[in-house]
Every structure is written in structure tokens, then in C-alpha cells.
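A.B. asks: Would you mind keeping the following structure in view while I ask a few things?
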Amino acid sequence: MPSPSILSSDVFETTRRAAVAALLAARGPGGHWCGRLSSSGLSTATAINALRLVDPVAHADRIAAGAAWLVATQCADGGWGDTVASRSNLSTTLLCWSALASLAEEPHADGGASAPLAAAVAAAAAWIREKAGGLDADTIARALGGIYGKDRTFSVPILTHAALAGRFGDPRDPEAWRVIPQLPFELAALPQAWFRLVDMQVVSYALPALIAIGQVRHARRPSWLAPRLVRRVATGPTLRTLAAIQPENGGYLEATPLTSFVTMSLAGMGMPGHPVARQGVAFLLASQRPDGSWPIDTNLATWCTTLSVSALAAGGRLREHLDAGGREVICRWLLGQQWRRVHPYTAAAPGGWAWTDLPGGVPDADDTSGAVLALAALGAADERPAAGGDVSAAIEAGLGWLADLANRDGGIPTFCRGWGRLPFDTSCPDITAHFLRAAAAGGASPTGGSRSARAASRAARYLADTQRPDGSWLPLWFGDEHHPEQANPTYGTAKVVLATLDPRGAAWLIDAQAADGGVGAARGLPASIEETAVAVEALARVAVESPDAPLRGRAAGAVEAGVRWLVERTAQGKRFDAAPIGLYFAKLWYSEELYPLAFTVAALERASTLRRPDR
């Protein structure tokens, strides 16, 4: 006899209700969700180096707290990962080693560096020697080049951080800057509309680093005569640009590393009192956590809120989960986050949403799609929503914004039409699939004639063109350290399948599932709650809506197995351990404590639709 369906069991209902209750309880005092990003060794290292360069005496306690956190979280092998649950990697270890080594060389009350600090520096140096082949500037530069290739968005900041920390010799000596490429900061004096026509050498979001790091490199090791004269003329105007795009709280993109790189660069060129540096320091001091660490970004409040609303709505029970007052609070809050003017940082047109409600946020495609989906769900939950007209207008503006963002290949990029071919400025399947779902929720069918509908039709063709031979898709913003390419085809494929019901993608997800029901980034890789949940959610839609009857049956079986795994792994909705599958700029890993919870609610809510009498 076949085993009884877990979807009909009391344990499923107990788990589903417990997960929903936990997600609702995770709301902040404002009635929406903020989440909590993991603390980051990379962020902490760059922050303490910036504070040391600006004023080591005034910030001594903050620097010491950050250094102590780094020492306490060093991996057993001597390196650091991007989170405390991540394996050691060269980029983060170089940053941590540089920051701690500079502190270890400073005078201490006992006449030398503290023993734990010295030991941490020695262990990190040994790890780097083993992985990179040495500690000299040329060896480190070659090793970073092997990781990042032609993309200088992160390799040059790491080298600059090391140079300012004295790892390549006295930072005042031009020879210490020999291996650091000169970023063309003078190009930032051009109108933004020209940026894609010139070789900016970094992705669009990194304009502050391009300016500040380019300037400190120029100040410490000037170029030959002609470029030197051009850069001398461009120094003032680009510094004014740097100030003009800095948000009021000082944090570029709400990102500790980016803000730290700008701040340390200004200090390194003898300008620690520059207004941009002062505001950067204020941001760093305000964002340090009580344990001494810094996160990779302040929060993902808008993203977490839209994920949570969509999760609660996945089974058609949003009204049951959120009362009218709660829905209205969230709806009004989301409407208030939509950008109504041209963004000063990226010159993005009005109509988009950023990932956060804080000043450093920048409108982007994934969050705009998420907001459209959430607003559509909130509007659908109320027959006569108080904000009905505003919601309709906001959805229309958001979809128009997304349609205008689309690249020529039909895909949707993250922030803007790309400056070049660097990954974070190009189209990507996960964001494109998210747009397709938003377009459908907003009434823009790919077969319609509206601007959004035409963009959706092109987006569908882009997804068909980018499907890999095995049926999967690779996302941009999520990865997995266990995958040989550090990619996450499970996440990418699940998002496309959820949007399109693609049969080959669904088959790939089914085949990726382990015998125990768990799913990792690909078949044979360790499973996580997040990856299992996104696969279950996508396959649950396939099991209900696919026109392919045999595929519906296979998908339903995979959903059963995945739900059993989630029930057990979450202790029936009571424990949600976050995995570092989030992929920040330039392959920086993070975890978000709300992801496993929101993803599980979405999976269980969607899975509950399989047991409806009308199926």
C-alpha cells in the first residue's frame, strides 16, 4: 500500500501553521519585515581598516571590538569565510589578514601585539601562502586575477585595502602601489548617459569605489604625464560627484564594504576630514553590531517584506493570515518605498523599488518585481482595498519601469541597462523570471499588446534561449559554495519553473532531489532549507497546473518527499537554520535569517493546494 500523503496529515498542518505564525511574529514594530543579515568577516575587516586610517585613537574601542570578533571567528584552517558558516576563501582572508596585521604592528601597552591577535595573523599568513603561493604583492595580485579575471570591481579594492594596511610596504611609497591597476576615475566626470560607451572597468553600482580608489592610486603613484594632467583636472569634479551620490546617512548602497573602501581611500590620500569620509565614518559607527561585527548590508527590509507577503499568499490564504489592518499597514509601507523621482546615484527613472527603506537603497529589478507581486496579492485579498487606486497606479508604474529596464536580449538586468559585459550589469534568468511573474500578476500577459506585455514576451524568449542543455538555469544573486562553479542551478531553475511551468526545468528539479527529499544546489550536494523550499514551491505549482499529466504525478511525488524533509529539518516549523546561499556583489556570500522561514512558508502554502477537493 502506498504511504498516506503527508499533505493530509496533522503533522503537516501543525508545521504549516507553526511556520506561518513564526513568519508573522518576525515582523518589526512598523508592521513589516526587516530580517537580519549574517555578520561578515569581509565587512568587519574593511570597516576597522577604514576607522584605523581615519583616526585610530578616536575609534580605538570600535576597532578593537571588530578585531576581537575577527579573531574569535577565524576558521580552524587559519582563513575566513564570508559568514561564520562559510568555508575560507582568499578574498576575505586577504582582507582580514591585512586589517589584523596592521593592528598587530602597532604599539601596545604590553610592548607588543596581543597573543591572540598575533596568532591569528600568523595562521592567516600561513593559509594565504598555501593558497596563493606567497604574501608578496605580485603573488597576491596574480591570485586575485585568477579569481576575478578582467572584472576589477573587487580585485582592485582588495589590493588597495592591503596596500593601505601596509602589506606591500610603506603606503606612502609609490612602489607599494605598483601592482594596483589605475581605475579611470576621470571617466566619472562624464554624463551618466555616456558610461556604457566607455571602459569603466567596474559594474555600475561601484561608481563610488571607482572614484575614491582611483584617486588614492593616482595620489600615491601618479601616471605618466598626459593621464596625470587629465586626472588632476578631474579630481575636483569627481570628488563632488562622490559627495553628490552619497546618501544622507553616509552609507553607499547601505553596504559596509563599499563605504569602507571609499572612506579608507580618502583617508589614504590625506583627506580623512573630507565630508564624504566623515559621513562614511558616521555610517560605519552606526552600523556596527554589539558583538563588534558588521553585516554585508544594513538590511533587506523591502525584499524581506515582499518575500513574506508572497509566501503568505502562495496558498491563497493571505486574508486568513493577515487581518485587514495588517494588510493595510504593509500596503501603505510598500507604496511609500516606491521611488517617485530620478535616483541621484544611478539616474534610475521613477517607478522602481530598492531592497531597503534606508537612504542608501537603489531601485532594482528584483525588488520592483517583488513589490508588484506583493501589492497585487494585497490588492486581491481585499474586495475594496483602501489604497486600491494607489496600488493600481504603483503596479502600472513598476511594470513600466521594468519594461524600460530590459536589455536588447529581452532579459532583465539588476540596476540599469549594463555598462558592459560584467555579470552584475547583464541580464539574468532569476530576475527575468521574477519579472514574468510580476507581469502576470499585474495583468500584463505575454500575448497582450501593452508595453509590459511586449517586454514579458521578450523575457520569455530570453529564458528559452538561456536554458542550459540539462534543462536548468543559473541565477545571478544566489549561489552555493558546494557547487563546483559556486552556482545554484536549483534556485535559478526553481524561479523560472515557478514562472513558466517549463517541463524540462521541472524534470531537472525532480532529478536534483535526494532520496531523503532534500535538495541542494544540484544533485548530490548538501541540502538546505532554502534550496529544498524553493524547489518544493515550484514543483507544487507544476503538480497542480502543468498540462503534462505524467509530469504532474512526478512533481507531486517530489513535493511529498520535499515536504517530509522540511517538516523534519524545521522540527515541525520551530527551527529555521539559515545557509549562506545569498550571493552579494562580486561573489560575497551571506545568509539572511528570514530566508529559510519565508521560503518554507511559501513551499508549504503552495504544497497545501495539492490537497484541494477540486484537484
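Chain labels run A, B, ... following the order of the C-alpha cells; each chain numbers its residues from 1, and ligands are numbered from 1 in the order shown.
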Write out as a list in words which residues come within 8 Å of Trp565 of chain A when counting only C-alpha atoms, dropping same-chain ones fewer than 6 positions away.

C.D. replies: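 My list of contacting residues is Asp516, Gly517 and Gly518 of chain A.
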
A.B. asks: Please give the complete set of residues from segment 112-150 of chain A that DSSP, run on the backbone, assigns to alpha helix (DSSP H), formatted as a ChimeraX atom specification.

C.D. replies: /A:115-132,137-148

A.B. asks: Find the spatial neighbours of Val20 of chain A, counting only C-alpha atoms, within a cut-off of 12 Å - ignore same-chain residues fewer than 6 positions away - and output them as a VMD selection string.

C.D. replies: chain A and resid 13 to 14 26 to 27 308 to 309 311 to 315 317 to 318 320 to 322 572 to 574 597 to 605

A.B. asks: At what distance in Å, to one decimal, does atom CA of Glu530 of chain A lie from atom CA of Leu70 of chain A?

C.D. replies: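 We find that atom CA of Leu70 of chain A and atom CA of Glu530 of chain A lie 27.0 Å from each other.
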
A.B. asks: May I ask which of the residues A:Thr235, A:Ser310, A:Thr500, A:Thr490 is the closest one to Met269 of chain A, counting only C-alpha atoms?

C.D. replies: A:Thr235
